[in-house]
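What follows is a single structure, written as structure tokens, with notes after it.
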Amino acid sequence: MGEQDYRTVNRANWDERAPAHAASPDYAVDRLVADPTALSDVVAFDLPRLGDVSGLRGVHLQCHIGTDTLSLSRLGARMSGLDFSAPALAQARTLAVRAGADIDFVEGEVYDAVDLLGRGGFDLVFTGVGALCWLPRIDLWAAVVADLLRPGGRLFLREGHPMLWTLDVPRTDDLLIVTDPYFETLAPAVYDEGGTYVATDTVFEHNVTHTWNHGLGEIVTALLDNSMVITGLEEHDSVPWVAVDGQMEPVGGGEYRLVDRPERLPVSYTLRAVKT
Ligand SMILES: C[S@@+](CC[C@H](N)C(=O)[O-])C[C@H]1O[C@@H](n2cnc3c(N)ncnc32)[C@H](O)[C@@H]1O
């Protein structure tokens, strides 16, 4: 499978979903526009961990339709957003204009981010919630993050937990069964699934995806190998979408938790790291 192939396949999937996501009540775009103090649920969840971002030069990698990017801008960071989906960026730019925010959205591949955005110019790299699984190599991603940051700059990452991505879903019983790789593999997991992770009536045509898992140790090691020091790593029993169909309940703030013994499984994590 050549590199171009996975990018082309995945981009078609995202291009089609971006407008439906922007129109979905779950992304709450209208709430963000109507209330100039509102934050996305994802950024609000991590506010206690985020620290002061005001005045920071920040970049949001894989920014999608820009709801988290706008939230960081509202907290005072001077934000850029990067994504390879032109339709996603069109939604992000419209949101920024409607919200009166000055955000620079750049179209491109994550692995090309340093060429597109410059080396060492950022105080903050923010990313996550369904971002890393689209990338075949976590070591190359960590190098991009480190190269974007100035010394002393920091990474803030909230992601679905790699154990979550190993599960056999959906199931008709309430068991948690591991079927998919935990560690990074050369070959992608190839899925052909309609639908998406937010409420929408849109019927999609481009449903094939190529994704990769990356173990928590692989992610931490990749960052350590690229001059990053880990300053925080917290595993959570909730995740900001219904990740295990039929087995999760809303717990407020857009988060979902396993109904039965949520202490069995970390389903997301927040990682913080600083470039030395
Ligand atoms: C699940 S979304 C990120 C979600 C984001 N946390 C949010 O909810 O707004 C994943 C994003 O990654 C982007 N993406 C996937 N692979 C990419 C790549 N190789 N380079 C740049 N963007 C990519 C997709 O276009 C999509 O917008």
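Chain identifiers are assigned as A, B, and so on, following the order in which chains appear in the structure tokens; residues are numbered from 1 within each chain, and ligands are numbered from 1 in order of appearance.
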
* Please extract the residues at most 9 Å from ligand 1, counting only C-alpha atoms and all ligand atoms, and provide them as a ChimeraX atom specification, using the chain letters and residue numbers of this document. => /A:6-7,10-15,17-18,21,27,42,61-69,82-89,107-113,127-136,158-159,197,240

* To do: Would you return as a count of residues only the members of segment 9-242 of chain A that DSSP assigns to helix (DSSP H, G or I) on this structure's backbone?
  => 89

* **Test item: residues at most 12 Å from Ala44 of chain A, only C-alpha atoms, excluding those fewer than 5 positions along its chain, as a VMD selection string** => chain A and resid 37 to 39 49 to 51 67 to 68 71 to 72 74 to 75 158 240 252 to 255

Write a file of the selected residues as an mmCIF file, in the first residue's frame, keeping C-alpha atoms.
```
data_model
loop_
_atom_site.group_PDB
_atom_site.id
_atom_site.type_symbol
_atom_site.label_atom_id
_atom_site.label_comp_id
_atom_site.auth_asym_id
_atom_site.auth_seq_id
_atom_site.Cartn_x
_atom_site.Cartn_y
_atom_site.Cartn_z
ATOM 1 C CA THR A 37 -17.238 32.763 25.628
ATOM 2 C CA ALA A 38 -18.221 29.196 24.678
ATOM 3 C CA LEU A 39 -15.577 26.479 24.307
ATOM 4 C CA ARG A 49 -4.741 20.619 32.610
ATOM 5 C CA LEU A 50 -4.206 23.104 29.797
ATOM 6 C CA GLY A 51 -2.582 25.916 31.752
ATOM 7 C CA THR A 67 -14.052 23.961 16.893
ATOM 8 C CA ASP A 68 -11.109 23.187 19.189
ATOM 9 C CA SER A 71 -11.646 27.481 21.557
ATOM 10 C CA LEU A 72 -7.885 27.836 21.985
ATOM 11 C CA ARG A 74 -10.744 32.276 22.618
ATOM 12 C CA LEU A 75 -8.427 31.354 25.476
ATOM 13 C CA ARG A 158 -5.990 14.316 24.167
ATOM 14 C CA PRO A 240 -15.917 12.475 23.878
ATOM 15 C CA GLY A 252 -21.960 15.329 30.954
ATOM 16 C CA GLY A 253 -19.714 17.704 29.060
ATOM 17 C CA GLY A 254 -20.035 15.630 25.884
ATOM 18 C CA GLU A 255 -18.194 12.695 27.513
#
```

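Those residues that approach Pro188 of chain A to within 6 Å, counting only C-alpha atoms, are A:His210, A:Thr211, A:Trp212; same-chain residues fewer than 6 positions away are not listed.
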
Kindly export the residues of the current selection with C-alpha atoms, as a CSV table (one decimal), in the first residue's frame.
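Output contents, as saved in again_27.csv:
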```csv
chain,number,residue,atom,x,y,z
A,210,HIS,CA,-6.9,3.1,6.5
A,211,THR,CA,-5.9,3.5,10.1
A,212,TRP,CA,-3.1,2.5,12.5
```

* Nearest to Pro170 of chain A, chosen from A:Gly195, A:Pro19, A:Pro48, A:Gly246, with only C-alpha atoms counted in the distances -> A:Gly246

Per residue of segment 186-243 of chain A within 10 Å of segment 258-271 of chain A, record the nearest atom pair and its distance in Å to one decimal, counting only C-alpha atoms, with rows in chain order and ascending residue number, as a Markdown table.
```
| residue | atom | partner | partner_atom | distance |
| --- | --- | --- | --- | --- |
| A:Leu216 | CA | A:Tyr269 | CA | 9.4 |
| A:Ile219 | CA | A:Leu271 | CA | 9.7 |
| A:Val220 | CA | A:Leu271 | CA | 8.8 |
| A:Ile230 | CA | A:Leu271 | CA | 7.5 |
| A:Thr231 | CA | A:Leu271 | CA | 7.7 |
| A:Gly232 | CA | A:Leu271 | CA | 5.4 |
| A:Leu233 | CA | A:Leu271 | CA | 4.5 |
| A:Glu234 | CA | A:Thr270 | CA | 5.3 |
| A:Glu235 | CA | A:Tyr269 | CA | 4.2 |
| A:His236 | CA | A:Ser268 | CA | 5.1 |
| A:Asp237 | CA | A:Pro266 | CA | 5.0 |
| A:Ser238 | CA | A:Val267 | CA | 5.9 |
| A:Val239 | CA | A:Ser268 | CA | 5.5 |
| A:Pro240 | CA | A:Ser268 | CA | 8.7 |
| A:Val242 | CA | A:Leu258 | CA | 9.4 |
| A:Ala243 | CA | A:Val267 | CA | 8.4 |
```

* From the list A:Leu186, A:Leu47, A:Asp225, A:Trp241, which residue is nearest Asp26 of chain A when using only C-alpha atoms? ->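 Nearest candidate to Asp26 of chain A out of A:Leu186, A:Leu47, A:Asp225, A:Trp241: A:Trp241.
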
* Asked: Where does DSSP see strand (DSSP E) in segment 37-173 of chain A, if you list the residues as JSON, numbers by chain?
  -> {"A": [57, 58, 59, 60, 61, 78, 79, 80, 81, 82, 83, 104, 105, 106, 107, 122, 123, 124, 125, 126, 127, 128, 149, 150, 151, 152, 153, 154, 155, 156, 157, 158, 159, 160]}
